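See below for structure_21.csv, which holds CSV, C-alpha atoms.
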chain,number,residue,atom,x,y,z
X,1,MET,CA,74.8,74.6,82.4
X,2,VAL,CA,78.0,74.2,84.4
X,3,HIS,CA,80.4,71.4,83.4
X,4,TRP,CA,82.9,69.9,85.8
X,5,THR,CA,85.4,67.3,84.6
X,6,ALA,CA,86.1,64.3,86.8
X,7,GLU,CA,89.6,65.8,87.4
X,8,GLU,CA,88.1,69.1,88.6
X,9,LYS,CA,85.7,67.4,91.0
X,10,GLN,CA,88.5,65.3,92.3
X,11,LEU,CA,90.7,68.4,92.9
X,12,ILE,CA,87.9,70.0,94.8
X,13,THR,CA,86.7,67.1,96.9
X,14,SER,CA,90.2,65.8,97.8
X,15,LEU,CA,91.2,69.3,99.1
X,16,TRP,CA,87.9,69.9,100.9
X,17,GLY,CA,88.3,66.6,102.7
X,18,LYS,CA,91.4,68.0,104.5
X,19,VAL,CA,89.8,71.4,105.4
X,20,ASN,CA,88.9,72.1,109.0
X,21,VAL,CA,85.7,74.0,108.2
X,22,GLU,CA,85.4,75.8,111.5
X,23,GLU,CA,89.0,77.1,111.5
X,24,CYS,CA,89.1,77.8,107.9
X,25,GLY,CA,85.8,79.6,107.9
X,26,ALA,CA,86.7,81.7,110.9
X,27,GLU,CA,90.0,82.6,109.3
X,28,ALA,CA,88.5,83.5,106.0
X,29,LEU,CA,85.8,85.8,107.5
X,30,ALA,CA,88.3,87.4,109.8
X,31,ARG,CA,90.7,88.1,107.0
X,32,LEU,CA,87.8,89.6,104.9
X,33,LEU,CA,87.0,92.0,107.7
X,34,ILE,CA,90.7,92.9,108.2
X,35,VAL,CA,91.9,93.2,104.6
X,36,TYR,CA,88.7,94.9,103.4
X,37,PRO,CA,87.6,96.8,106.5
X,38,TRP,CA,84.5,98.3,104.7
X,39,THR,CA,83.0,94.8,104.8
X,40,GLN,CA,82.5,95.3,108.5
X,41,ARG,CA,79.5,97.4,107.6
X,42,PHE,CA,77.4,94.2,107.6
X,43,PHE,CA,78.4,93.2,111.1
X,44,ASP,CA,77.4,96.1,113.4
X,45,THR,CA,76.0,93.6,115.9
X,46,PHE,CA,79.2,91.6,116.2
X,47,GLY,CA,80.8,93.6,118.9
X,48,ASN,CA,84.5,94.4,119.0
X,49,LEU,CA,86.0,94.6,115.5
X,50,SER,CA,88.4,97.4,116.4
X,51,SER,CA,91.7,95.6,115.5
X,52,PRO,CA,93.0,92.5,113.7
X,53,THR,CA,93.5,90.8,117.1
X,54,ALA,CA,89.9,91.7,118.2
X,55,ILE,CA,88.5,90.4,114.9
X,56,VAL,CA,90.4,87.2,115.0
X,57,GLY,CA,89.4,86.5,118.6
X,58,ASN,CA,85.8,87.6,118.1
X,59,PRO,CA,83.5,84.6,118.9
X,60,LYS,CA,80.7,85.9,116.6
X,61,VAL,CA,83.2,86.2,113.7
X,62,ARG,CA,84.3,82.6,114.3
X,63,ALA,CA,80.7,81.3,114.5
X,64,HIS,CA,79.6,83.1,111.4
X,65,GLY,CA,82.7,82.1,109.5
X,66,LYS,CA,81.9,78.5,110.3
X,67,LYS,CA,78.4,79.0,109.2
X,68,VAL,CA,79.4,80.5,105.8
X,69,LEU,CA,82.0,77.8,105.1
X,70,THR,CA,79.6,75.0,106.1
X,71,SER,CA,77.3,76.3,103.5
X,72,PHE,CA,80.2,76.2,101.0
X,73,GLY,CA,80.5,72.5,101.9
X,74,GLU,CA,76.9,72.0,100.8
X,75,ALA,CA,77.8,73.5,97.4
X,76,ILE,CA,80.6,71.0,97.1
X,77,LYS,CA,78.2,68.2,97.7
X,78,ASN,CA,76.0,69.6,94.9
X,79,LEU,CA,78.4,70.8,92.3
X,80,ASP,CA,76.0,70.1,89.5
X,81,ASN,CA,73.2,72.2,91.1
X,82,LEU,CA,74.8,75.3,92.6
X,83,LYS,CA,71.8,77.5,91.5
X,84,GLY,CA,69.3,75.3,93.3
X,85,THR,CA,71.5,75.0,96.4
X,86,TYR,CA,71.9,78.8,96.7
X,87,SER,CA,68.4,79.9,95.6
X,88,LYS,CA,67.0,80.7,99.0
X,89,LEU,CA,70.3,82.1,100.3
X,90,SER,CA,70.4,84.4,97.3
X,91,GLU,CA,67.0,85.8,98.1
X,92,LEU,CA,68.0,86.2,101.7
X,93,HIS,CA,71.2,88.1,100.8
X,94,CYS,CA,69.3,90.5,98.5
X,95,ASP,CA,66.0,91.0,100.4
X,96,LYS,CA,67.0,90.8,104.0
X,97,LEU,CA,70.7,91.2,104.3
X,98,HIS,CA,71.2,93.8,101.4
X,99,VAL,CA,74.7,92.6,100.6
X,100,ASP,CA,76.4,93.8,97.4
X,101,PRO,CA,77.3,90.7,95.4
X,102,GLU,CA,80.8,92.1,95.0
X,103,ASN,CA,81.4,90.9,98.6
X,104,PHE,CA,80.9,87.3,97.5
X,105,ARG,CA,83.7,87.7,95.1
X,106,LEU,CA,85.9,89.3,97.8
X,107,LEU,CA,85.2,86.5,100.2
X,108,GLY,CA,85.8,83.9,97.5
X,109,ASP,CA,89.3,85.3,96.8
X,110,ILE,CA,90.1,85.5,100.5
X,111,LEU,CA,89.1,81.8,100.9
X,112,ILE,CA,91.5,81.0,98.0
X,113,VAL,CA,94.4,82.9,99.8
X,114,VAL,CA,93.6,81.0,103.0
X,115,LEU,CA,93.7,77.7,101.2
X,116,ALA,CA,97.0,78.7,99.6
X,117,SER,CA,98.5,79.4,103.0
X,118,HIS,CA,97.2,76.1,104.5
X,119,PHE,CA,98.1,73.8,101.6
X,120,THR,CA,101.2,75.6,100.3
X,121,LYS,CA,102.8,73.7,97.5
X,122,ASP,CA,99.8,71.3,97.2
X,123,PHE,CA,97.7,74.4,96.3
X,124,THR,CA,99.2,74.3,92.8
X,125,PRO,CA,98.2,76.8,90.0
X,126,ALA,CA,96.0,74.1,88.5
X,127,CYS,CA,94.3,73.5,91.8
X,128,GLN,CA,93.8,77.2,92.3
X,129,ALA,CA,92.2,77.5,88.8
X,130,VAL,CA,89.6,74.9,89.7
X,131,TRP,CA,88.8,76.6,93.0
X,132,GLN,CA,88.6,80.0,91.3
X,133,LYS,CA,86.0,78.5,89.0
X,134,LEU,CA,84.1,77.2,92.1
X,135,VAL,CA,84.1,80.4,94.1
X,136,GLY,CA,83.1,82.3,91.0
X,137,LEU,CA,80.2,80.0,90.4
X,138,VAL,CA,79.1,80.2,94.1
X,139,ALA,CA,79.3,84.0,93.9
X,140,HIS,CA,77.2,83.9,90.7
X,141,ALA,CA,74.6,81.6,92.3
X,142,LEU,CA,74.3,83.8,95.3
X,143,ALA,CA,73.8,86.9,93.1
X,144,ARG,CA,71.3,85.2,90.8
X,145,LYS,CA,68.1,86.0,92.6
X,146,TYR,CA,69.0,89.7,93.1
X,147,HIS,CA,66.5,92.2,91.8
W,1,MET,CA,95.8,105.5,99.9
W,2,THR,CA,98.8,105.7,102.1
W,3,LEU,CA,100.5,102.9,103.9
W,4,THR,CA,101.0,103.2,107.7
W,5,GLN,CA,104.4,102.6,109.2
W,6,ALA,CA,103.3,99.2,110.4
W,7,GLU,CA,102.1,98.3,106.9
W,8,LYS,CA,105.4,99.5,105.3
W,9,ALA,CA,107.3,97.4,107.8
W,10,ALA,CA,105.2,94.3,106.9
W,11,VAL,CA,105.9,94.8,103.2
W,12,VAL,CA,109.6,95.2,103.7
W,13,THR,CA,109.9,92.2,106.0
W,14,ILE,CA,108.2,89.8,103.6
W,15,TRP,CA,110.1,91.3,100.6
W,16,ALA,CA,113.4,90.3,102.3
W,17,LYS,CA,112.2,86.6,102.0
W,18,VAL,CA,110.6,86.9,98.6
W,19,ALA,CA,113.5,88.7,96.8
W,20,PRO,CA,115.9,85.8,96.6
W,21,GLN,CA,113.1,83.7,95.1
W,22,ALA,CA,111.8,86.5,92.9
W,23,GLU,CA,112.1,84.6,89.6
W,24,ALA,CA,110.3,81.5,90.9
W,25,ILE,CA,107.6,83.4,92.7
W,26,GLY,CA,107.1,85.7,89.7
W,27,ALA,CA,106.8,82.8,87.3
W,28,GLU,CA,104.4,81.0,89.6
W,29,SER,CA,102.2,84.1,90.0
W,30,LEU,CA,102.0,84.4,86.2
W,31,GLU,CA,101.2,80.7,85.9
W,32,ARG,CA,98.4,81.1,88.5
W,33,LEU,CA,97.1,84.1,86.5
W,34,PHE,CA,97.0,82.4,83.1
W,35,LEU,CA,95.4,79.2,84.5
W,36,SER,CA,92.8,80.9,86.7
W,37,TYR,CA,92.0,83.8,84.3
W,38,PRO,CA,92.6,82.6,80.7
W,39,PRO,CA,91.6,85.9,79.1
W,40,THR,CA,94.8,87.4,80.6
W,41,LYS,CA,96.8,85.3,78.1
W,42,THR,CA,95.5,87.6,75.4
W,43,TYR,CA,98.3,90.0,76.3
W,44,PHE,CA,101.0,87.4,75.6
W,45,PRO,CA,100.3,85.9,72.2
W,46,HIS,CA,104.0,86.1,71.5
W,47,PHE,CA,105.0,84.1,74.6
W,48,ASP,CA,105.6,80.4,75.3
W,49,LEU,CA,103.3,80.1,78.3
W,50,SER,CA,104.1,76.5,79.2
W,51,GLN,CA,105.1,75.8,82.7
W,52,GLY,CA,108.7,76.8,83.4
W,53,SER,CA,109.3,78.4,80.1
W,54,ALA,CA,112.2,80.8,79.8
W,55,GLN,CA,109.8,83.7,78.8
W,56,LEU,CA,107.5,83.0,81.8
W,57,ARG,CA,110.5,83.0,84.2
W,58,GLY,CA,112.0,86.1,82.6
W,59,HIS,CA,108.8,88.0,82.7
W,60,GLY,CA,108.0,86.9,86.2
W,61,PHE,CA,111.4,88.2,87.3
W,62,LYS,CA,110.7,91.5,85.6
W,63,VAL,CA,107.4,91.9,87.4
W,64,MET,CA,108.9,91.1,90.8
W,65,ASN,CA,111.8,93.4,90.2
W,66,ALA,CA,109.4,96.3,89.6
W,67,ILE,CA,107.7,95.4,92.9
W,68,GLY,CA,111.1,95.4,94.5
W,69,GLU,CA,111.7,98.9,93.2
W,70,ALA,CA,108.4,99.9,94.8
W,71,VAL,CA,109.5,98.4,98.1
W,72,LYS,CA,112.8,100.2,98.0
W,73,ASN,CA,111.0,103.5,97.3
W,74,ILE,CA,107.9,102.8,99.4
W,75,ASP,CA,107.5,106.4,100.2
W,76,ASN,CA,107.5,107.4,96.6
W,77,ILE,CA,106.1,104.6,94.5
W,78,ARG,CA,104.8,107.0,92.0
W,79,GLY,CA,108.2,108.4,91.3
W,80,ALA,CA,109.9,105.0,91.3
W,81,LEU,CA,107.4,103.5,88.8
W,82,ALA,CA,106.8,106.6,86.6
W,83,LYS,CA,108.4,105.1,83.5
W,84,LEU,CA,106.4,101.8,84.0
W,85,SER,CA,103.3,103.9,84.4
W,86,GLU,CA,103.8,105.5,81.0
W,87,LEU,CA,104.7,102.2,79.5
W,88,HIS,CA,101.4,100.7,80.7
W,89,ALA,CA,99.4,103.8,79.7
W,90,TYR,CA,100.7,104.4,76.2
W,91,ILE,CA,102.2,101.1,74.9
W,92,LEU,CA,100.9,98.1,76.8
W,93,ARG,CA,97.4,99.4,77.7
W,94,VAL,CA,96.6,96.4,79.8
W,95,ASP,CA,92.9,96.8,81.0
W,96,PRO,CA,92.9,98.0,84.6
W,97,VAL,CA,90.8,95.0,85.8
W,98,ASN,CA,93.8,92.7,85.2
W,99,PHE,CA,96.0,94.4,87.9
W,100,LYS,CA,93.7,93.1,90.6
W,101,LEU,CA,93.9,89.6,89.1
W,102,LEU,CA,97.7,89.5,89.1
W,103,SER,CA,97.9,91.1,92.5
W,104,HIS,CA,95.6,88.3,93.8
W,105,CYS,CA,97.8,85.6,92.2
W,106,ILE,CA,101.0,87.2,93.7
W,107,LEU,CA,99.3,87.1,97.1
W,108,CYS,CA,98.5,83.4,96.6
W,109,SER,CA,102.1,82.6,95.7
W,110,VAL,CA,103.5,84.5,98.7
W,111,ALA,CA,100.9,82.8,101.0
W,112,ALA,CA,101.8,79.4,99.6
W,113,HIS,CA,105.6,80.0,100.1
W,114,TYR,CA,105.6,81.8,103.4
W,115,PRO,CA,102.4,80.6,105.3
W,116,SER,CA,103.6,81.3,108.8
W,117,GLU,CA,104.7,84.9,108.0
W,118,PHE,CA,101.5,85.6,106.0
W,119,THR,CA,99.4,86.8,109.0
W,120,PRO,CA,96.1,88.7,108.5
W,121,GLU,CA,98.0,92.0,109.1
W,122,VAL,CA,100.7,91.1,106.6
W,123,HIS,CA,98.0,90.0,104.1
W,124,ALA,CA,96.2,93.3,104.5
W,125,ALA,CA,99.5,95.3,104.1
W,126,TRP,CA,100.4,93.4,100.9
W,127,ASP,CA,97.0,93.7,99.4
W,128,LYS,CA,97.1,97.5,100.0
W,129,PHE,CA,100.7,97.8,98.7
W,130,LEU,CA,99.9,95.9,95.5
W,131,SER,CA,96.8,98.0,95.1
W,132,SER,CA,98.9,101.2,95.4
W,133,ILE,CA,101.2,99.9,92.7
W,134,SER,CA,98.2,99.0,90.5
W,135,SER,CA,96.9,102.6,90.9
W,136,VAL,CA,100.2,104.1,90.0
W,137,LEU,CA,100.5,101.9,86.9
W,138,THR,CA,97.0,102.9,85.6
W,139,GLU,CA,96.9,106.5,86.7
W,140,LYS,CA,98.0,107.9,83.3
W,141,TYR,CA,95.5,105.8,81.3
W,142,ARG,CA,93.3,108.9,80.7
Reformat the file's structure so that it appears as structure tokens.
Amino acid sequence: MVHWTAEEKQLITSLWGKVNVEECGAEALARLLIVYPWTQRFFDTFGNLSSPTAIVGNPKVRAHGKKVLTSFGEAIKNLDNLKGTYSKLSELHCDKLHVDPENFRLLGDILIVVLASHFTKDFTPACQAVWQKLVGLVAHALARKYH
Amino acid sequence: MTLTQAEKAAVVTIWAKVAPQAEAIGAESLERLFLSYPPTKTYFPHFDLSQGSAQLRGHGFKVMNAIGEAVKNIDNIRGALAKLSELHAYILRVDPVNFKLLSHCILCSVAAHYPSEFTPEVHAAWDKFLSSISSVLTEKYR
């Protein structure tokens, strides 16, 4: 049973309120594909991923990044029931998408770096710790239905 | 893994900005590490880990200096960090998983301090560079 203190929830929701989900999602996914190029293996249908510039400007990357981060937003609305929130998505990522759960950890860490660059000194070590807890739990919830 | 010329250039450029703030960024990176990954504190039972402690600042400075050595000798990181590699293999024996955690926290500190310079290409170069350092530091473990 996950436990969130009031302070932790506050650190999450107050930061999230300032996040531009479309921009942040696009940037996070683009950086994942640039920093860890092997993750491109899941996106054969996305077209031109041949350079960082191509990846950053790719409309499918932007759209998918937005989709992924919007789903993250759902998790934040349901911090006390991450398992339930991600149950169907977990099955999807295992049975249909065949994504190694390690990739959820990679994307979670990329998101953290993006938040650090956007919020700079407001993204304090204490703030990061709470967000690391969140991305870790999201990754865990997404991996939970794997078999 | 080898760094391309462009990646080496990205590393050197950012280092020029980081170097004068090495102690602060090093200490902040360690603070991020200990708060986000409490088990990493097990390697420092003898330290005062409170924010801004002299030991945290001193150790942060030491870590960043070693990175600085790697930057200065970017074509021969293995040679430059040979002694540190032995230290980690035979004396410190820090579990290899922890190098990824500290590298991530260093990236967060750099991103937070130099957001406009921390482009995706620079991010990739630094991730790869820190990964190279981590490999060198763990390659004598067995």
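With all atoms listed in the file as the atoms that count, the residue of X:Ala129, X:Leu92, X:Ile12, X:Leu97 with the shortest distance to chain W is X:Ala129.
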Counting all atoms listed in the file, which residues of chain W fall within 10 Å of chain X, and what is the closest atom pair for each with its distance in Å at one decimal, ordered by chain and rising number, as JSON lines?
{"residue": "W:Glu28", "atom": "CA", "partner": "X:Pro125", "partner_atom": "CA", "distance": 7.5}
{"residue": "W:Ser29", "atom": "CA", "partner": "X:Pro125", "partner_atom": "CA", "distance": 8.3}
{"residue": "W:Leu30", "atom": "CA", "partner": "X:Pro125", "partner_atom": "CA", "distance": 9.3}
{"residue": "W:Glu31", "atom": "CA", "partner": "X:Pro125", "partner_atom": "CA", "distance": 6.4}
{"residue": "W:Arg32", "atom": "CA", "partner": "X:Pro125", "partner_atom": "CA", "distance": 4.6}
{"residue": "W:Leu33", "atom": "CA", "partner": "X:Pro125", "partner_atom": "CA", "distance": 8.2}
{"residue": "W:Phe34", "atom": "CA", "partner": "X:Ala129", "partner_atom": "CA", "distance": 8.9}
{"residue": "W:Leu35", "atom": "CA", "partner": "X:Ala129", "partner_atom": "CA", "distance": 5.6}
{"residue": "W:Ser36", "atom": "CA", "partner": "X:Ala129", "partner_atom": "CA", "distance": 4.0}
{"residue": "W:Tyr37", "atom": "CA", "partner": "X:Ala129", "partner_atom": "CA", "distance": 7.7}
{"residue": "W:Pro38", "atom": "CA", "partner": "X:Ala129", "partner_atom": "CA", "distance": 9.6}
{"residue": "W:Leu101", "atom": "CA", "partner": "X:Asp109", "partner_atom": "CA", "distance": 9.9}
{"residue": "W:His104", "atom": "CA", "partner": "X:Asp109", "partner_atom": "CA", "distance": 7.6}
{"residue": "W:Cys105", "atom": "CA", "partner": "X:Val113", "partner_atom": "CA", "distance": 8.8}
{"residue": "W:Ile106", "atom": "CA", "partner": "X:Val113", "partner_atom": "CA", "distance": 10.0}
{"residue": "W:Leu107", "atom": "CA", "partner": "X:Val113", "partner_atom": "CA", "distance": 7.0}
{"residue": "W:Cys108", "atom": "CA", "partner": "X:Val113", "partner_atom": "CA", "distance": 5.2}
{"residue": "W:Ser109", "atom": "CA", "partner": "X:Ala116", "partner_atom": "CA", "distance": 7.5}
{"residue": "W:Val110", "atom": "CA", "partner": "X:Ser117", "partner_atom": "CA", "distance": 8.3}
{"residue": "W:Ala111", "atom": "CA", "partner": "X:Ser117", "partner_atom": "CA", "distance": 4.6}
{"residue": "W:Ala112", "atom": "CA", "partner": "X:Thr120", "partner_atom": "CA", "distance": 3.9}
{"residue": "W:His113", "atom": "CA", "partner": "X:Thr120", "partner_atom": "CA", "distance": 6.2}
{"residue": "W:Tyr114", "atom": "CA", "partner": "X:Ser117", "partner_atom": "CA", "distance": 7.5}
{"residue": "W:Pro115", "atom": "CA", "partner": "X:Ser117", "partner_atom": "CA", "distance": 4.7}
{"residue": "W:Ser116", "atom": "CA", "partner": "X:Ser117", "partner_atom": "CA", "distance": 8.0}
{"residue": "W:Glu117", "atom": "CA", "partner": "X:Ser117", "partner_atom": "CA", "distance": 9.7}
{"residue": "W:Phe118", "atom": "CA", "partner": "X:Ser117", "partner_atom": "CA", "distance": 7.5}
{"residue": "W:Thr119", "atom": "CA", "partner": "X:Arg31", "partner_atom": "CA", "distance": 9.0}
{"residue": "W:Pro120", "atom": "CA", "partner": "X:Arg31", "partner_atom": "CA", "distance": 5.6}
{"residue": "W:Glu121", "atom": "CA", "partner": "X:Pro52", "partner_atom": "CA", "distance": 6.8}
{"residue": "W:Val122", "atom": "CA", "partner": "X:Val35", "partner_atom": "CA", "distance": 9.3}
{"residue": "W:His123", "atom": "CA", "partner": "X:Val35", "partner_atom": "CA", "distance": 6.9}
{"residue": "W:Ala124", "atom": "CA", "partner": "X:Val35", "partner_atom": "CA", "distance": 4.3}
{"residue": "W:Ala125", "atom": "CA", "partner": "X:Val35", "partner_atom": "CA", "distance": 7.9}
{"residue": "W:Trp126", "atom": "CA", "partner": "X:Val35", "partner_atom": "CA", "distance": 9.3}
{"residue": "W:Asp127", "atom": "CA", "partner": "X:Val35", "partner_atom": "CA", "distance": 7.3}
{"residue": "W:Lys128", "atom": "CA", "partner": "X:Val35", "partner_atom": "CA", "distance": 8.2}
Within 12 Å of Arg93 (chain W), counting all atoms listed in the file, which residues qualify if same-chain residues fewer than 2 places away don't, as a list in words? Tyr43, Leu84, Ser85, Glu86, Leu87, His88, Ala89, Tyr90, Ile91, Asp95, Pro96, Val97, Asn98, Phe99, Leu137, Thr138, Glu139, Lys140, Tyr141 and Arg142 of chain W
Within 9 Å of Phe104 (chain X), counting all atoms listed in the file, which residues show up once you throw out same-chain ones fewer than 2 positions away? Write them as a list of chain:residue names, please.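 The neighbour list is X:Val99, X:Asp100, X:Pro101, X:Glu102, X:Leu106, X:Leu107, X:Gly108, X:Asp109, X:Val135, X:Gly136, X:Val138, X:Ala139, X:His140, X:Leu142, X:Ala143.
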Can you work out the spacing between CA of Asp80 (chain X) and CA of Val68 (chain X) in Å, to one decimal?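 Value for the CA of Asp80 (chain X)-CA of Val68 (chain X) distance: 19.6 Å.
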From the set W:Lys41, W:Lys62, W:Lys83, W:Lys100, which residue has the shortest atom-to-atom contact distance to Phe129 (chain W), counting only C-alpha atoms? W:Lys100
Pairwise distance for CA of Thr85 (chain X) and CA of Thr70 (chain X), rounded to one decimal in Å: 12.6 Å
Correct to one decimal, the distance CA of Leu69 (chain X)-CA of Glu91 (chain X) is 18.4 Å
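The smallest atom-to-atom distance between Leu49 (chain W) and any of W:Val71, W:Ala80, W:Ala27, W:Leu102, using all atoms listed in the file, is found for W:Ala27.
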Tell me which protein, DNA and RNA residues are within 10 Å of Asp95 (chain X), counting only C-alpha atoms, leaving out same-chain ones fewer than 5 positions away, and put them as number ranges by chain. X: 89-90, 145-147
Please write the residues from the selection above to a file, keeping C-alpha atoms, as a compact mmCIF listing (two decimals), keeping the file's coordinate frame.
# COMPACT_ATOMS: atom_id res chain seq x y z
CA LEU X 89 70.30 82.10 100.30
CA SER X 90 70.40 84.40 97.30
CA LYS X 145 68.10 86.00 92.60
CA TYR X 146 69.00 89.70 93.10
CA HIS X 147 66.50 92.20 91.80
Counting all atoms listed in the file, what is within 9 Å of Leu82 (chain X), bar same-chain residues fewer than 2 positions away, as a PyMOL selection string? chain X and resi 2+75-76+78-80+84-87+137-138+141-142
Would you list the contacts of Glu23 (chain X) as a list in words, taking every protein, DNA or RNA residue within 10 Å and counting all atoms listed in the file, but skipping same-chain residues closer than 3 positions in sequence?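 Residues near the query, excluding close chain neighbours: Val19, Asn20, Ala26, Glu27, Ala28, Arg62, Ala63, Gly65, Lys66 and Leu69 of chain X.
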Please rebuild region 97-109 of chain X with N, CA, C and O atoms and return the result as a tab-separated table (two decimals), keeping the file's coordinate frame.
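Ended up saving to out.tsv:
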chain	number	residue	atom	x	y	z
X	97	LEU	N	69.40	90.84	103.84
X	97	LEU	CA	70.70	91.20	104.30
X	97	LEU	C	71.29	92.42	103.48
X	97	LEU	O	72.17	93.13	103.96
X	98	HIS	N	70.78	92.64	102.27
X	98	HIS	CA	71.20	93.80	101.40
X	98	HIS	C	72.71	93.80	101.21
X	98	HIS	O	73.35	94.84	101.39
X	99	VAL	N	73.26	92.65	100.83
X	99	VAL	CA	74.70	92.60	100.60
X	99	VAL	C	75.02	92.72	99.12
X	99	VAL	O	74.48	91.99	98.30
X	100	ASP	N	75.89	93.68	98.81
X	100	ASP	CA	76.40	93.80	97.40
X	100	ASP	C	77.09	92.56	97.01
X	100	ASP	O	78.02	92.13	97.70
X	101	PRO	N	76.69	91.94	95.87
X	101	PRO	CA	77.30	90.70	95.40
X	101	PRO	C	78.84	90.78	95.26
X	101	PRO	O	79.51	89.74	95.28
X	102	GLU	N	79.36	91.98	95.11
X	102	GLU	CA	80.80	92.10	95.00
X	102	GLU	C	81.49	91.48	96.23
X	102	GLU	O	82.60	90.95	96.15
X	103	ASN	N	80.79	91.51	97.37
X	103	ASN	CA	81.40	90.90	98.60
X	103	ASN	C	81.54	89.44	98.51
X	103	ASN	O	82.42	88.87	99.17
X	104	PHE	N	80.71	88.76	97.69
X	104	PHE	CA	80.90	87.30	97.50
X	104	PHE	C	82.18	87.02	96.79
X	104	PHE	O	82.86	86.05	97.10
X	105	ARG	N	82.49	87.89	95.82
X	105	ARG	CA	83.70	87.70	95.10
X	105	ARG	C	84.93	87.98	96.01
X	105	ARG	O	85.93	87.26	95.98
X	106	LEU	N	84.82	89.01	96.84
X	106	LEU	CA	85.90	89.30	97.80
X	106	LEU	C	86.14	88.14	98.73
X	106	LEU	O	87.27	87.73	98.95
X	107	LEU	N	85.06	87.60	99.29
X	107	LEU	CA	85.20	86.50	100.20
X	107	LEU	C	85.76	85.25	99.53
X	107	LEU	O	86.60	84.54	100.09
X	108	GLY	N	85.30	85.01	98.31
X	108	GLY	CA	85.80	83.90	97.50
X	108	GLY	C	87.31	83.96	97.36
X	108	GLY	O	88.04	82.97	97.55
X	109	ASP	N	87.81	85.14	97.03
X	109	ASP	CA	89.30	85.30	96.80
X	109	ASP	C	90.02	85.19	98.14
X	109	ASP	O	91.13	84.67	98.17
